[in-house]
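S.K.: Submitted below is the structure of interest, expressed as structure tokens.
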Amino acid sequence: MNLGRRHFLKLTATAGGGLALGFSLSGCSNQKRDFPNQHLDAIQPNAFLQLSSEGAFILQLHRAEMGQGVYTGMATLVAEELGINPRLLVIEHAQFHPDFLDPEMKIMLTGGSASIRNNHRIVREAAASFAAILRQAATALQVPTAQQANLSTLIQELKAGGQWQEFLKLAESLPAPETIELKPAEQFQFIGKHNDRLDAYQKITGRATYTLDNVDLEAYDAVLIRCPHIGGKVISFNAERALTSPKVIKIIEVDGAIAVIAKGYWYARQAAAQIDIEWDKGPRAGFSSELLSLQQQALLNEKGHNAEELGDSKLATGEYFEANYEVPYLAHACMEPPCAIAKVSEKTAEIWAGNQAPDVVIGAVAHVTGLKKTTFGFTIKCWAVALVVKFFLTISLRLREFPSFPG
Amino acid sequence: MLIEFTVNGVNHQLETDPGQPLLWLLREQLQLTGTKFGCGMGLCGACTVHLDGFPVRSCSLPAQSIQGRSITTIEGIEQENGDLHPVQEAWLKFNVPQCGYCQSGQIMSAVALLTRQPQPSEEDIDNAMAGNLCRCGTYPRIKSAIQHVAGVQEFVPASASNKTGS
């Protein structure tokens with residue numbers, strides 16, 4: 001299957017964290033380079049950057065914007081080396097690619113305060129390398145300002161001078177330079193200076209598409225009822241009352257939880273409240289915050305570890321200070337409820353899910369659909385999202401078992 | 001039940017369960033996804049829209065109560081010519097949004113406040129905006145943006161830093 005065209009059709013410039021992952025089970029790309037989100041007729045020297053045939057620079061943003069500003073930060077780093085205003089960059093949420101792995105953690109994770117810290121040099125080099133290729137091509141075409149003009153101006157000049165097509169062809173054939181020089185700080189036009197968030201406009205006008213904003217009118221809506229005790233599962237359930245709603249399609253058990261599938265979120269949620277469920281509360285039944293607090297206080301009676309020694313104990317005054325601190329629980333929850341959209345057919349799975357690691361999501365998809373993909377290590381946050389994805393994938397697959405459903 | 005109402009000046013007739021909240025009519029039946037689902041219980045404010053100009057939590061407003069009424073959503077506060085609402089302009093100026101998920105609701109609450117009270121006191125602002133939660137913590141910038149629209153907050157651009165080092 002030609003991945004280039006397939007991905008070209010799926011391009012969205014979402015700003016809210018929605019991420020489209022599409023991949024097929026059979027075949028592999030016959031493109032000469034296997035980069036995701038390749039635009040037709042664009043030149044692409046590396047996984048991060050493309051120059052379209054219209055002259056737009058396109059960045060694959062390989063870290064998730066969650067409010068921390070990486071959408072703007074990563075774009076600013078790239079724009080600096082390209083010598084263009086960050087506002088001119090077309091920014092797309094990246095799909096998985098090995099070049100997008102965190103160099104330390106070896107997964108495509110947004111987390112660990114590592115996005116800019118571990119990637120600033122990588123993306124600057126990708127941009128500087130591309131800029132060098134483009135300037136080299138312009139020099140070969142004897143454009144006088146090839147080395148000094150910022151790239152936006154250069155592109156205008158090439159178009160005006162009728163050299164644009166020739167330039168693109170030449171630039172595509174040039175190899176990346178052996179050595180790359182990054183811009184010195186004294187010459188920064190944007191790094192440390194450009195502060196306006198590039199995704200602000202979309203977010204303040206309701207245009208930014210978050211996961212559930214990717215409306216698919218054919219999709220069903222499902223809510224999950226999971227055991228209130230971690231590790232518990234369903235023993236039995238009675239959905240008679242819930243099933244009387246004309247909007248409810250099916251109510252099924254999924255991995256120890258109950259899934260209510262309906263046409264419309266609210267109808268699913270209303271129906272869920274009408275299901276009688278008998279729970280096996282599991283190995284942690286009765287575990288509570290009060291109990292945990294008592295357990296932790298009991299630990300204080302045991303001999304402790306010496307964490308650190310500073311100074312000379314002979315100089316101690318004999319006074320000592322003791323204090324017990326107990327910190328209240330804080331729900332580590334973002335405003336957007338965990339959710340996902342899954343569209344699964346025999347050969348493809350399309351997933352929309354806000355997440356911190358696409359490769360973890362891919363692992364969950366592989367696990368549920370039977371695809372052969374390598375799985376990677378994961379953090380608790382990623383796994384929580386992958387669980388959501390896994391549930392919705394399973395629901396999507398189970399729906400296909402029922403003959404009354406359209407394929 | 002057939003509900004007739006206007007959204008952002010456009011008339012609609014929709015068939016719905018009388019109890020279905022306005023939020024889902026907007027998102028699912030009209031595909032106006034700018035209004036967000038946060039809690040479904042009227043506690044977080046992400047779903048805030050205007051009902052006849054007054055701010056309401058659409059997740060908890062049943063369809064039957066909007067019969068014949070007029071709704072404004074985030075999609076409807078821009079000017080006719082595409083210019084942004086002054087509140088939205090202030091939001092850009094003060095670089096307010098981070099993840100952005102709460103911002104539609106924040107803006108709708110702010111617009112409703114400033115329409116009723118063009119020069120709100122700080123206490124007025126706190127009271128009016130208290131029902132809109134933001135986990136990213138953009139509250140100080142929200143307040144500055146509102147005060148700027150009210151004419152009491154001057155915009156001071158962040159000073160350009162000239163740090164050395166790559």
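By convention here, the chains of the structure tokens are called A, B, ... in the order presented, each chain's residues are numbered starting at 1, and ligands are numbered starting at 1 in the order presented.
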Can you check which residues of chain A have any atom within 9 Å of chain B? Use only C-alpha atoms and format it as a count of residues only.

M.R.: 46

S.K.: Report the residues of stretch 134-321 of chain A whose backbone DSSP state falls under strand (DSSP E or B), written as a VMD selection string.

M.R.: chain A and resid 221 to 225 233 to 238 248 to 254 257 to 262 276 to 280

S.K.: Store the residues picked out above in a file with C-alpha atoms, as a tab-separated table (two decimals), in the first residue's frame.

M.R.:
chain	number	residue	atom	x	y	z
A	221	ASP	CA	-20.76	6.09	21.52
A	222	ALA	CA	-19.67	3.89	24.37
A	223	VAL	CA	-19.18	4.41	28.06
A	224	LEU	CA	-17.39	2.04	30.36
A	225	ILE	CA	-18.45	0.94	33.81
A	233	LYS	CA	-14.14	-7.28	37.76
A	234	VAL	CA	-17.70	-8.08	36.79
A	235	ILE	CA	-19.30	-11.25	38.12
A	236	SER	CA	-22.70	-10.73	36.58
A	237	PHE	CA	-24.93	-7.92	35.38
A	238	ASN	CA	-28.56	-7.25	34.54
A	248	VAL	CA	-28.96	1.77	23.19
A	249	ILE	CA	-27.41	-0.66	20.74
A	250	LYS	CA	-25.68	-3.25	22.89
A	251	ILE	CA	-24.40	-3.79	26.39
A	252	ILE	CA	-21.47	-6.15	26.67
A	253	GLU	CA	-18.78	-7.26	29.03
A	254	VAL	CA	-15.28	-6.19	28.06
A	257	ALA	CA	-15.88	-4.07	32.73
A	258	ILE	CA	-19.24	-3.28	31.16
A	259	ALA	CA	-19.49	-1.33	27.91
A	260	VAL	CA	-22.72	0.45	27.06
A	261	ILE	CA	-22.91	1.18	23.35
A	262	ALA	CA	-25.46	3.68	22.11
A	276	ASP	CA	-27.32	-3.72	38.07
A	277	ILE	CA	-23.85	-5.12	38.45
A	278	GLU	CA	-22.40	-7.66	40.81
A	279	TRP	CA	-18.73	-6.96	41.30
A	280	ASP	CA	-15.88	-9.17	42.36

S.K.: Calculated over only C-alpha atoms, which of the candidates B:Gln147, B:Thr16, B:Thr72, B:Asn8 has the smallest distance to B:Glu123?

M.R.: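 Smallest distance to B:Glu123 is found for B:Gln147.
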
S.K.: Can you tell me how far atom CA of A:Val123 sits from atom CA of A:Pro358, in Å to one decimal?

M.R.: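 Atom CA of A:Pro358 lies at a distance of 18.9 Å from atom CA of A:Val123.
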
S.K.: So which one's closest to A:Arg269, A:Ala349, A:Ile122, A:Ala242, A:Ala42? Using only C-alpha atoms, please.

M.R.: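 That would be A:Ala242, the residue with the smallest distance to A:Arg269.
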
S.K.: Considering only C-alpha atoms, return as a PDB file with N, CA and C atoms, in the first residue's frame whatever protein or nucleic-acid residues lie within 12 Å of B:Asn11, sequence-local ones (same chain, fewer than 4 positions apart) excluded.

M.R.:
ATOM      1  N   ILE B   3     -37.599  20.090  19.316  1.00  0.00           N
ATOM      2  CA  ILE B   3     -37.168  21.338  19.943  1.00  0.00           C
ATOM      3  C   ILE B   3     -36.810  22.349  18.858  1.00  0.00           C
ATOM      4  N   GLU B   4     -37.357  23.568  19.001  1.00  0.00           N
ATOM      5  CA  GLU B   4     -37.005  24.643  18.074  1.00  0.00           C
ATOM      6  C   GLU B   4     -36.233  25.701  18.829  1.00  0.00           C
ATOM      7  N   PHE B   5     -35.054  26.039  18.350  1.00  0.00           N
ATOM      8  CA  PHE B   5     -34.253  27.050  19.026  1.00  0.00           C
ATOM      9  C   PHE B   5     -33.260  27.628  18.035  1.00  0.00           C
ATOM     10  N   THR B   6     -32.671  28.762  18.401  1.00  0.00           N
ATOM     11  CA  THR B   6     -31.629  29.321  17.534  1.00  0.00           C
ATOM     12  C   THR B   6     -30.266  29.169  18.203  1.00  0.00           C
ATOM     13  N   VAL B   7     -29.265  28.911  17.362  1.00  0.00           N
ATOM     14  CA  VAL B   7     -27.882  28.838  17.838  1.00  0.00           C
ATOM     15  C   VAL B   7     -27.059  29.790  16.969  1.00  0.00           C
ATOM     16  N   LEU B  30     -25.523  19.112  16.000  1.00  0.00           N
ATOM     17  CA  LEU B  30     -25.179  20.272  15.186  1.00  0.00           C
ATOM     18  C   LEU B  30     -23.687  20.315  14.841  1.00  0.00           C
ATOM     19  N   GLN B  67     -36.616  25.363  24.535  1.00  0.00           N
ATOM     20  CA  GLN B  67     -37.650  25.519  23.493  1.00  0.00           C
ATOM     21  C   GLN B  67     -37.864  26.996  23.219  1.00  0.00           C
ATOM     22  N   GLY B  68     -37.666  27.407  21.972  1.00  0.00           N
ATOM     23  CA  GLY B  68     -37.905  28.796  21.604  1.00  0.00           C
ATOM     24  C   GLY B  68     -36.865  29.792  22.084  1.00  0.00           C
ATOM     25  N   ARG B  69     -35.767  29.290  22.639  1.00  0.00           N
ATOM     26  CA  ARG B  69     -34.775  30.192  23.209  1.00  0.00           C
ATOM     27  C   ARG B  69     -33.609  30.398  22.246  1.00  0.00           C
ATOM     28  N   SER B  70     -32.718  31.291  22.645  1.00  0.00           N
ATOM     29  CA  SER B  70     -31.583  31.660  21.787  1.00  0.00           C
ATOM     30  C   SER B  70     -30.281  31.301  22.474  1.00  0.00           C
ATOM     31  N   ILE B  71     -29.447  30.529  21.779  1.00  0.00           N
ATOM     32  CA  ILE B  71     -28.185  30.048  22.333  1.00  0.00           C
ATOM     33  C   ILE B  71     -27.030  30.701  21.586  1.00  0.00           C
ATOM     34  N   THR B  72     -26.009  31.070  22.326  1.00  0.00           N
ATOM     35  CA  THR B  72     -24.754  31.517  21.698  1.00  0.00           C
ATOM     36  C   THR B  72     -23.633  30.627  22.203  1.00  0.00           C
TER      37      THR B  72
END

S.K.: Quick one: pull the distance between atom CA of A:Ala298 and atom CA of A:Arg284, Å, one decimal.

M.R.: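 Taking atom CA of A:Ala298 as the start and atom CA of A:Arg284 as the end point, the length is 19.4 Å.
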